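Participant: My structure is stored as start_34.cif, with mmCIF, C-alpha atoms.
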```cif
data_structure
loop_
_atom_site.group_PDB
_atom_site.id
_atom_site.type_symbol
_atom_site.label_atom_id
_atom_site.label_comp_id
_atom_site.auth_asym_id
_atom_site.auth_seq_id
_atom_site.Cartn_x
_atom_site.Cartn_y
_atom_site.Cartn_z
ATOM 1 C CA MET A 1 50.702 -8.280 -54.935
ATOM 2 C CA SER A 2 53.620 -6.513 -53.243
ATOM 3 C CA ASP A 3 54.685 -7.567 -49.748
ATOM 4 C CA ARG A 4 56.344 -4.202 -49.167
ATOM 5 C CA LYS A 5 55.271 -2.328 -46.060
ATOM 6 C CA LYS A 6 53.801 1.113 -46.694
ATOM 7 C CA VAL A 7 55.487 3.709 -44.484
ATOM 8 C CA LEU A 8 54.189 7.167 -43.592
ATOM 9 C CA ILE A 9 56.628 9.523 -41.841
ATOM 10 C CA VAL A 10 55.206 12.395 -39.771
ATOM 11 C CA GLU A 11 58.151 14.589 -38.768
ATOM 12 C CA PRO A 12 58.597 18.415 -38.816
ATOM 13 C CA SER A 13 62.299 18.384 -39.750
ATOM 14 C CA SER A 14 62.960 18.153 -43.494
ATOM 15 C CA VAL A 15 66.539 17.050 -42.813
ATOM 16 C CA VAL A 16 65.404 14.144 -40.632
ATOM 17 C CA THR A 17 62.544 13.205 -42.984
ATOM 18 C CA GLU A 18 64.673 13.226 -46.132
ATOM 19 C CA GLY A 19 67.494 11.303 -44.447
ATOM 20 C CA LEU A 20 65.106 8.651 -43.183
ATOM 21 C CA MET A 21 63.383 8.375 -46.568
ATOM 22 C CA LYS A 22 66.743 7.974 -48.304
ATOM 23 C CA ILE A 23 67.758 5.137 -45.954
ATOM 24 C CA LEU A 24 64.387 3.370 -46.182
ATOM 25 C CA GLY A 25 64.276 3.936 -49.934
ATOM 26 C CA GLU A 26 67.373 1.736 -50.306
ATOM 27 C CA SER A 27 65.404 -1.225 -48.933
ATOM 28 C CA THR A 28 63.036 -3.332 -51.023
ATOM 29 C CA GLN A 29 60.922 -3.929 -47.902
ATOM 30 C CA PHE A 30 59.217 -0.539 -47.938
ATOM 31 C CA GLU A 31 56.939 1.610 -50.056
ATOM 32 C CA LEU A 32 57.289 5.219 -48.926
ATOM 33 C CA LEU A 33 54.224 7.441 -48.836
ATOM 34 C CA SER A 34 54.531 11.210 -49.174
ATOM 35 C CA PRO A 35 55.550 12.447 -45.695
ATOM 36 C CA LEU A 36 53.710 14.890 -43.456
ATOM 37 C CA HIS A 37 55.343 17.696 -41.474
ATOM 38 C CA ASP A 38 52.479 18.163 -39.000
ATOM 39 C CA VAL A 39 49.381 16.353 -37.710
ATOM 40 C CA GLU A 40 46.725 18.496 -39.422
ATOM 41 C CA CYS A 41 45.929 16.012 -42.193
ATOM 42 C CA ILE A 42 47.057 12.836 -40.475
ATOM 43 C CA ASN A 43 43.642 11.197 -40.223
ATOM 44 C CA ALA A 44 42.859 11.827 -43.889
ATOM 45 C CA ARG A 45 46.279 10.492 -44.918
ATOM 46 C CA LEU A 46 45.875 7.374 -42.758
ATOM 47 C CA ALA A 47 42.456 6.745 -44.297
ATOM 48 C CA THR A 48 43.624 7.126 -47.906
ATOM 49 C CA GLY A 49 47.192 5.801 -47.683
ATOM 50 C CA LYS A 50 46.486 2.926 -45.266
ATOM 51 C CA PRO A 51 50.135 2.720 -44.126
ATOM 52 C CA ASP A 52 51.408 -0.436 -42.466
ATOM 53 C CA ILE A 53 53.880 1.620 -40.433
ATOM 54 C CA LEU A 54 53.493 5.178 -39.121
ATOM 55 C CA VAL A 55 56.799 6.774 -38.072
ATOM 56 C CA PHE A 56 55.676 9.602 -35.811
ATOM 57 C CA ASN A 57 57.489 12.302 -33.840
ATOM 58 C CA PRO A 58 55.705 12.356 -30.437
ATOM 59 C CA THR A 59 56.591 16.026 -29.883
ATOM 60 C CA LEU A 60 54.073 16.956 -32.590
ATOM 61 C CA LEU A 61 51.307 16.336 -30.051
ATOM 62 C CA PRO A 62 50.980 18.723 -27.098
ATOM 63 C CA TYR A 63 52.209 17.101 -23.887
ATOM 64 C CA SER A 64 48.699 16.602 -22.541
ATOM 65 C CA ARG A 65 47.543 14.926 -25.747
ATOM 66 C CA ARG A 66 50.459 12.542 -26.301
ATOM 67 C CA PRO A 67 48.716 9.590 -24.659
ATOM 68 C CA ALA A 68 45.762 10.327 -27.005
ATOM 69 C CA LEU A 69 47.739 8.796 -29.855
ATOM 70 C CA SER A 70 46.180 5.538 -28.699
ATOM 71 C CA GLY A 71 42.971 6.863 -30.260
ATOM 72 C CA ILE A 72 44.664 6.915 -33.665
ATOM 73 C CA MET A 73 45.910 3.388 -33.061
ATOM 74 C CA GLN A 74 42.398 2.178 -32.250
ATOM 75 C CA ASP A 75 40.998 3.719 -35.446
ATOM 76 C CA TYR A 76 43.767 2.118 -37.545
ATOM 77 C CA PRO A 77 44.626 -1.167 -35.810
ATOM 78 C CA GLN A 78 46.439 -2.441 -38.915
ATOM 79 C CA THR A 79 49.036 0.340 -38.574
ATOM 80 C CA ALA A 80 52.115 -0.118 -36.387
ATOM 81 C CA VAL A 81 53.103 3.217 -34.835
ATOM 82 C CA VAL A 82 56.804 3.901 -34.247
ATOM 83 C CA ALA A 83 57.955 6.842 -32.121
ATOM 84 C CA LEU A 84 60.746 8.829 -33.801
ATOM 85 C CA VAL A 85 62.734 10.369 -30.958
ATOM 86 C CA TYR A 86 65.849 12.515 -30.705
ATOM 87 C CA GLN A 87 65.426 13.922 -27.227
ATOM 88 C CA TYR A 88 64.372 12.618 -23.831
ATOM 89 C CA MET A 89 60.822 11.284 -23.835
ATOM 90 C CA GLU A 90 58.987 9.899 -20.811
ATOM 91 C CA HIS A 91 58.954 6.118 -20.692
ATOM 92 C CA THR A 92 55.210 6.094 -19.999
ATOM 93 C CA ILE A 93 54.595 7.865 -23.320
ATOM 94 C CA LEU A 94 56.874 5.601 -25.354
ATOM 95 C CA ARG A 95 55.186 2.505 -23.926
ATOM 96 C CA SER A 96 52.088 3.277 -26.002
ATOM 97 C CA TYR A 97 54.026 2.856 -29.274
ATOM 98 C CA HIS A 98 54.710 -0.390 -31.114
ATOM 99 C CA GLY A 99 58.359 0.584 -31.535
ATOM 100 C CA VAL A 100 60.877 3.340 -30.831
ATOM 101 C CA LEU A 101 63.330 4.661 -33.422
ATOM 102 C CA ASP A 102 66.079 6.752 -31.863
ATOM 103 C CA ILE A 103 67.593 9.266 -34.302
ATOM 104 C CA ARG A 104 71.059 7.979 -33.284
ATOM 105 C CA GLU A 105 70.216 4.398 -34.224
ATOM 106 C CA GLU A 106 72.673 2.596 -36.504
ATOM 107 C CA ARG A 107 71.707 2.688 -40.159
ATOM 108 C CA GLY A 108 71.437 -1.097 -40.405
ATOM 109 C CA ARG A 109 68.990 -1.302 -37.498
ATOM 110 C CA ILE A 110 66.441 1.201 -38.815
ATOM 111 C CA SER A 111 64.683 -1.208 -41.197
ATOM 112 C CA GLU A 112 64.738 -3.947 -38.559
ATOM 113 C CA ILE A 113 63.048 -1.704 -35.982
ATOM 114 C CA LEU A 114 60.251 -0.852 -38.405
ATOM 115 C CA ILE A 115 59.671 -4.489 -39.349
ATOM 116 C CA GLU A 116 59.743 -5.532 -35.676
ATOM 117 C CA SER A 117 57.085 -2.924 -34.918
ATOM 118 C CA CYS A 118 54.694 -4.806 -37.203
ATOM 119 C CA PHE A 119 55.084 -7.899 -34.999
ATOM 120 C CA ALA A 120 54.744 -5.795 -31.842
ATOM 121 C CA GLY A 121 51.490 -4.433 -33.255
ATOM 122 C CA LYS A 122 50.012 -7.900 -32.880
ATOM 123 C CA SER A 123 50.234 -7.732 -29.099
ATOM 124 C CA ASP A 124 47.058 -9.777 -28.733
ATOM 125 C CA GLU A 125 49.139 -12.759 -29.811
ATOM 126 C CA LEU A 126 51.440 -12.376 -26.821
ATOM 127 C CA PRO A 127 50.876 -14.776 -23.936
ATOM 128 C CA ASP A 128 49.201 -13.140 -20.983
ATOM 129 C CA ASP A 129 51.360 -14.400 -18.158
ATOM 130 C CA SER A 130 52.997 -12.934 -15.097
ATOM 131 C CA ASN A 131 56.449 -14.405 -15.698
ATOM 132 C CA TYR A 132 58.810 -11.535 -16.497
ATOM 133 C CA GLU A 133 62.060 -13.464 -16.128
ATOM 134 C CA LEU A 134 64.033 -13.901 -19.323
ATOM 135 C CA THR A 135 64.550 -17.445 -20.573
ATOM 136 C CA LYS A 136 68.069 -18.699 -21.278
ATOM 137 C CA ARG A 137 67.578 -18.160 -25.032
ATOM 138 C CA GLU A 138 66.120 -14.674 -24.515
ATOM 139 C CA THR A 139 69.157 -13.834 -22.376
ATOM 140 C CA ASP A 140 71.450 -15.085 -25.163
ATOM 141 C CA VAL A 141 69.628 -12.855 -27.649
ATOM 142 C CA LEU A 142 69.730 -9.881 -25.255
ATOM 143 C CA VAL A 143 73.501 -10.198 -24.809
ATOM 144 C CA LEU A 144 74.022 -10.209 -28.576
ATOM 145 C CA ILE A 145 71.693 -7.217 -28.983
ATOM 146 C CA ALA A 146 73.737 -5.394 -26.330
ATOM 147 C CA LYS A 147 76.883 -6.199 -28.320
ATOM 148 C CA GLY A 148 75.368 -4.480 -31.344
ATOM 149 C CA LEU A 149 74.576 -7.493 -33.533
ATOM 150 C CA MET A 150 71.811 -7.269 -36.146
ATOM 151 C CA ASN A 151 68.939 -9.763 -36.301
ATOM 152 C CA LYS A 152 70.574 -11.766 -39.107
ATOM 153 C CA GLU A 153 73.877 -11.925 -37.221
ATOM 154 C CA ILE A 154 72.092 -13.071 -34.054
ATOM 155 C CA ALA A 155 70.197 -15.721 -36.045
ATOM 156 C CA ASP A 156 73.443 -17.004 -37.579
ATOM 157 C CA ARG A 157 75.280 -16.991 -34.229
ATOM 158 C CA LEU A 158 72.518 -18.913 -32.427
ATOM 159 C CA ASN A 159 71.476 -21.110 -35.358
ATOM 160 C CA ILE A 160 67.874 -19.903 -35.293
ATOM 161 C CA SER A 161 65.655 -18.144 -37.846
ATOM 162 C CA ILE A 162 65.347 -14.357 -38.086
ATOM 163 C CA HIS A 163 61.640 -14.761 -37.266
ATOM 164 C CA THR A 164 62.604 -16.523 -34.023
ATOM 165 C CA VAL A 165 65.048 -13.718 -33.181
ATOM 166 C CA ILE A 166 62.287 -11.143 -33.714
ATOM 167 C CA SER A 167 59.958 -13.205 -31.515
ATOM 168 C CA HIS A 168 62.607 -13.311 -28.751
ATOM 169 C CA ARG A 169 63.187 -9.556 -29.075
ATOM 170 C CA LYS A 170 59.441 -8.993 -28.745
ATOM 171 C CA ASN A 171 59.374 -11.058 -25.551
ATOM 172 C CA ILE A 172 62.461 -9.266 -24.189
ATOM 173 C CA THR A 173 60.802 -5.897 -24.818
ATOM 174 C CA ARG A 174 57.585 -7.061 -23.155
ATOM 175 C CA LYS A 175 59.366 -8.462 -20.107
ATOM 176 C CA THR A 176 61.867 -5.625 -19.584
ATOM 177 C CA ASN A 177 59.603 -2.829 -20.864
ATOM 178 C CA ILE A 178 62.640 -1.463 -22.741
ATOM 179 C CA LYS A 179 62.344 -0.783 -26.477
ATOM 180 C CA SER A 180 65.653 0.837 -27.446
ATOM 181 C CA VAL A 181 68.896 -1.007 -28.140
ATOM 182 C CA ALA A 182 70.774 1.444 -25.908
ATOM 183 C CA GLY A 183 68.334 0.764 -23.071
ATOM 184 C CA LEU A 184 68.703 -3.001 -23.493
ATOM 185 C CA ALA A 185 72.501 -2.656 -23.453
ATOM 186 C CA VAL A 186 72.308 -0.771 -20.157
ATOM 187 C CA TYR A 187 69.909 -3.412 -18.796
ATOM 188 C CA ALA A 188 72.349 -6.176 -19.760
ATOM 189 C CA LEU A 189 75.217 -4.362 -18.030
ATOM 190 C CA MET A 190 73.200 -3.597 -14.889
ATOM 191 C CA ASN A 191 72.258 -7.263 -14.590
ATOM 192 C CA ASN A 192 75.840 -8.471 -15.173
ATOM 193 C CA LEU A 193 74.847 -10.306 -18.340
ATOM 194 C CA VAL A 194 77.733 -8.867 -20.328
ATOM 195 C CA GLU A 195 81.141 -7.476 -19.462
ATOM 196 C CA ASP A 196 81.472 -3.707 -19.804
ATOM 197 C CA ASN A 197 84.619 -3.990 -21.947
ATOM 198 C CA SER A 198 83.001 -6.458 -24.333
ATOM 199 C CA LEU A 199 80.472 -3.971 -25.711
#
```
Let me see the structure of the file written as structure tokens.

Facilitator:
Amino acid sequence: MSDRKKVLIVEPSSVVTEGLMKILGESTQFELLSPLHDVECINARLATGKPDILVFNPTLLPYSRRPALSGIMQDYPQTAVVALVYQYMEHTILRSYHGVLDIREERGRISEILIESCFAGKSDELPDDSNYELTKRETDVLVLIAKGLMNKEIADRLNISIHTVISHRKNITRKTNIKSVAGLAVYALMNNLVEDNSL
């Protein structure tokens, strides 16, 4: 049985869809389902394709219905939903997604973001505590994220497993409520965790 994650892309732009499919198609981690360009048949496709990851452009839902995507998530709890964004999107809307893929993201990070979203989808495994301060190790990971290192590079630098890096990233996202690398870099700078000229 294949361990590849099935990915369904729902995005109106053919250029964006084909570019994303080409990048993901180079990875052995994914099985790409035929993409959708609108939301008309999304429920039927989710039911038949049973994707592990749904890459979804939030602008396809009218503004008033964007929070309603949580209904889709409840019907398909096994599917991690990643927001595909290339314009400003309210933070409150993006919080309802398991991950955020910015169109300007570095090529090497795209696969990592999708895989991380699968871990984020298991939010019931996260500890329910009120401590939102980063641990020393989480701060170390955050600084390296802000410097643009990939998960494997962070794991090698800190002598920890990639799974542990992903776990730290998940905790960082939960505690800071920031899902994008750019946002985490700004957070690190604002909190004097990294020198401006070292990024």

Participant: Using only C-alpha atoms, pick whichever of A:Asp102, A:Asp140, A:Glu133, A:Asp156 has the shortest atom-to-atom distance to Lys179 of chain A.

Facilitator: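 Using only C-alpha atoms, Lys179 of chain A sits closest to A:Asp102.
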
Participant: So, with all atoms listed in the file as the atoms that count, which of A:Pro58, A:Gly49, A:Gly25, A:Pro35 lies closest to Met89 of chain A?

Facilitator: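 When distances to Met89 of chain A are compared using all atoms listed in the file, the smallest one comes from A:Pro58.
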
Participant: Could you jot down the atom CA of Ile154 of chain A to atom CA of Leu142 of chain A separation for me, Å, one decimal place?

Facilitator: 9.7 Å

Participant: Quick one: everything within 10 Å of Thr176 of chain A, counting only C-alpha atoms, minus sequence neighbours fewer than 3 positions away in the same chain. Send it as a PyMOL selection string.

Facilitator: chain A and resi 132-134+171-173+179+183-184+187

Participant: Considering all atoms listed in the file, can you say which of A:Lys50, A:His91, A:Lys170, A:Lys22 comes closest to Ile115 of chain A?

Facilitator: A:Lys170

Participant: Using only C-alpha atoms, pick whichever of A:Gln78, A:Thr28, A:Ser180, A:Thr59 has the shortest atom-to-atom distance to Val100 of chain A.

Facilitator: A:Ser180

Participant: The PyMOL selection byres ((chain A and resi 54) around 7) - which residues does that actually catch in the file I just gave you? List them as a ChimeraX atom specification.

Facilitator: /A:7-9,51-53,55-56,79-82

Participant: Please produce a file of the residues just selected, as a tab-separated table (two decimals), keeping the file's coordinate frame, where the atoms kept are C-alpha atoms.

Facilitator:
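Heads up, here's the output in result-v5.tsv:
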```tsv
chain	number	residue	atom	x	y	z
A	7	VAL	CA	55.49	3.71	-44.48
A	8	LEU	CA	54.19	7.17	-43.59
A	9	ILE	CA	56.63	9.52	-41.84
A	51	PRO	CA	50.14	2.72	-44.13
A	52	ASP	CA	51.41	-0.44	-42.47
A	53	ILE	CA	53.88	1.62	-40.43
A	55	VAL	CA	56.80	6.77	-38.07
A	56	PHE	CA	55.68	9.60	-35.81
A	79	THR	CA	49.04	0.34	-38.57
A	80	ALA	CA	52.12	-0.12	-36.39
A	81	VAL	CA	53.10	3.22	-34.84
A	82	VAL	CA	56.80	3.90	-34.25
```

Participant: Expanded to explicit residues, what is the PyMOL selection byres ((chain A and resi 84) around 6) for this file, as a PyMOL selection string?

Facilitator: chain A and resi 56-57+83+85+101

Participant: I'd like the neighbourhood of segment 106-108 of chain A as a PyMOL selection string, where a residue qualifies if any of its atoms comes within 10 Å (using only C-alpha atoms), though same-chain residues fewer than 4 positions away should be ignored.

Facilitator: chain A and resi 20+23-24+102+112-113+148-151+181

Participant: Can you work out which one of A:Tyr76, A:Val165, A:Glu116, A:Leu61 has the shortest atom-to-atom distance to Ile93 of chain A, counting only C-alpha atoms?

Facilitator: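 Residue with the minimum atom-to-atom distance to Ile93 of chain A: A:Leu61.
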
Participant: Quick one: pull the distance between atom CA of Arg109 of chain A and atom CA of Lys152 of chain A, Å, one decimal.

Facilitator: 10.7 Å

Participant: For Val141 of chain A, which residue among A:Asn192, A:Gln74, A:Asn177, A:Ser167 is the nearest when counting all atoms listed in the file?

Facilitator: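 That would be A:Ser167, the residue with the smallest distance to Val141 of chain A.
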
Participant: Go ahead and compute the interatomic distance for atom CA of Thr92 of chain A and atom CA of Val194 of chain A, in Å to one decimal.

Facilitator: 27.0 Å

Participant: Do a neighbour search on Leu60 of chain A at 8 Å with only C-alpha atoms, toss out local chain neighbours closer than 3 positions, and write the hits as number ranges by chain.

Facilitator: A: 11-12, 38-39, 57

Participant: Missing atoms in segment 142-163 of chain A need filling: write out N, CA and C atoms for it as a PDB file, keeping the file's coordinate frame.

Facilitator:
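Final output, saved to selection26.pdb:
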```pdb
ATOM      1  N   LEU A 142      69.515 -11.198 -25.861  1.00  0.00           N
ATOM      2  CA  LEU A 142      69.730  -9.881 -25.255  1.00  0.00           C
ATOM      3  C   LEU A 142      71.208  -9.511 -25.236  1.00  0.00           C
ATOM      4  N   VAL A 143      72.055 -10.458 -24.861  1.00  0.00           N
ATOM      5  CA  VAL A 143      73.501 -10.198 -24.809  1.00  0.00           C
ATOM      6  C   VAL A 143      74.027  -9.812 -26.186  1.00  0.00           C
ATOM      7  N   LEU A 144      73.558 -10.507 -27.218  1.00  0.00           N
ATOM      8  CA  LEU A 144      74.022 -10.209 -28.576  1.00  0.00           C
ATOM      9  C   LEU A 144      73.468  -8.874 -29.077  1.00  0.00           C
ATOM     10  N   ILE A 145      72.250  -8.543 -28.657  1.00  0.00           N
ATOM     11  CA  ILE A 145      71.693  -7.217 -28.983  1.00  0.00           C
ATOM     12  C   ILE A 145      72.568  -6.144 -28.341  1.00  0.00           C
ATOM     13  N   ALA A 146      72.910  -6.356 -27.068  1.00  0.00           N
ATOM     14  CA  ALA A 146      73.737  -5.394 -26.330  1.00  0.00           C
ATOM     15  C   ALA A 146      75.108  -5.217 -26.973  1.00  0.00           C
ATOM     16  N   LYS A 147      75.588  -6.274 -27.642  1.00  0.00           N
ATOM     17  CA  LYS A 147      76.883  -6.199 -28.320  1.00  0.00           C
ATOM     18  C   LYS A 147      76.778  -5.581 -29.705  1.00  0.00           C
ATOM     19  N   GLY A 148      75.549  -5.203 -30.087  1.00  0.00           N
ATOM     20  CA  GLY A 148      75.368  -4.480 -31.344  1.00  0.00           C
ATOM     21  C   GLY A 148      75.121  -5.337 -32.567  1.00  0.00           C
ATOM     22  N   LEU A 149      74.810  -6.629 -32.379  1.00  0.00           N
ATOM     23  CA  LEU A 149      74.576  -7.493 -33.533  1.00  0.00           C
ATOM     24  C   LEU A 149      73.187  -7.257 -34.119  1.00  0.00           C
ATOM     25  N   MET A 150      73.086  -7.388 -35.450  1.00  0.00           N
ATOM     26  CA  MET A 150      71.811  -7.269 -36.146  1.00  0.00           C
ATOM     27  C   MET A 150      71.055  -8.591 -36.040  1.00  0.00           C
ATOM     28  N   ASN A 151      69.767  -8.549 -36.384  1.00  0.00           N
ATOM     29  CA  ASN A 151      68.939  -9.763 -36.301  1.00  0.00           C
ATOM     30  C   ASN A 151      69.544 -10.935 -37.063  1.00  0.00           C
ATOM     31  N   LYS A 152      70.016 -10.679 -38.290  1.00  0.00           N
ATOM     32  CA  LYS A 152      70.574 -11.766 -39.107  1.00  0.00           C
ATOM     33  C   LYS A 152      71.827 -12.349 -38.452  1.00  0.00           C
ATOM     34  N   GLU A 153      72.657 -11.464 -37.891  1.00  0.00           N
ATOM     35  CA  GLU A 153      73.877 -11.925 -37.221  1.00  0.00           C
ATOM     36  C   GLU A 153      73.542 -12.750 -35.986  1.00  0.00           C
ATOM     37  N   ILE A 154      72.517 -12.319 -35.242  1.00  0.00           N
ATOM     38  CA  ILE A 154      72.092 -13.071 -34.054  1.00  0.00           C
ATOM     39  C   ILE A 154      71.563 -14.440 -34.473  1.00  0.00           C
ATOM     40  N   ALA A 155      70.760 -14.455 -35.545  1.00  0.00           N
ATOM     41  CA  ALA A 155      70.197 -15.721 -36.045  1.00  0.00           C
ATOM     42  C   ALA A 155      71.314 -16.682 -36.434  1.00  0.00           C
ATOM     43  N   ASP A 156      72.322 -16.168 -37.153  1.00  0.00           N
ATOM     44  CA  ASP A 156      73.443 -17.004 -37.579  1.00  0.00           C
ATOM     45  C   ASP A 156      74.238 -17.512 -36.379  1.00  0.00           C
ATOM     46  N   ARG A 157      74.478 -16.633 -35.406  1.00  0.00           N
ATOM     47  CA  ARG A 157      75.280 -16.991 -34.229  1.00  0.00           C
ATOM     48  C   ARG A 157      74.595 -18.078 -33.398  1.00  0.00           C
ATOM     49  N   LEU A 158      73.251 -17.978 -33.282  1.00  0.00           N
ATOM     50  CA  LEU A 158      72.518 -18.913 -32.427  1.00  0.00           C
ATOM     51  C   LEU A 158      71.863 -20.062 -33.196  1.00  0.00           C
ATOM     52  N   ASN A 159      72.074 -20.060 -34.519  1.00  0.00           N
ATOM     53  CA  ASN A 159      71.476 -21.110 -35.358  1.00  0.00           C
ATOM     54  C   ASN A 159      69.958 -21.168 -35.243  1.00  0.00           C
ATOM     55  N   ILE A 160      69.328 -19.993 -35.306  1.00  0.00           N
ATOM     56  CA  ILE A 160      67.874 -19.903 -35.293  1.00  0.00           C
ATOM     57  C   ILE A 160      67.443 -18.996 -36.439  1.00  0.00           C
ATOM     58  N   SER A 161      66.147 -18.977 -36.745  1.00  0.00           N
ATOM     59  CA  SER A 161      65.655 -18.144 -37.846  1.00  0.00           C
ATOM     60  C   SER A 161      65.541 -16.684 -37.410  1.00  0.00           C
ATOM     61  N   ILE A 162      65.528 -15.777 -38.389  1.00  0.00           N
ATOM     62  CA  ILE A 162      65.347 -14.357 -38.086  1.00  0.00           C
ATOM     63  C   ILE A 162      64.001 -14.139 -37.412  1.00  0.00           C
ATOM     64  N   HIS A 163      62.971 -14.888 -37.869  1.00  0.00           N
ATOM     65  CA  HIS A 163      61.640 -14.761 -37.266  1.00  0.00           C
ATOM     66  C   HIS A 163      61.690 -15.110 -35.778  1.00  0.00           C
TER      67      HIS A 163
END
```
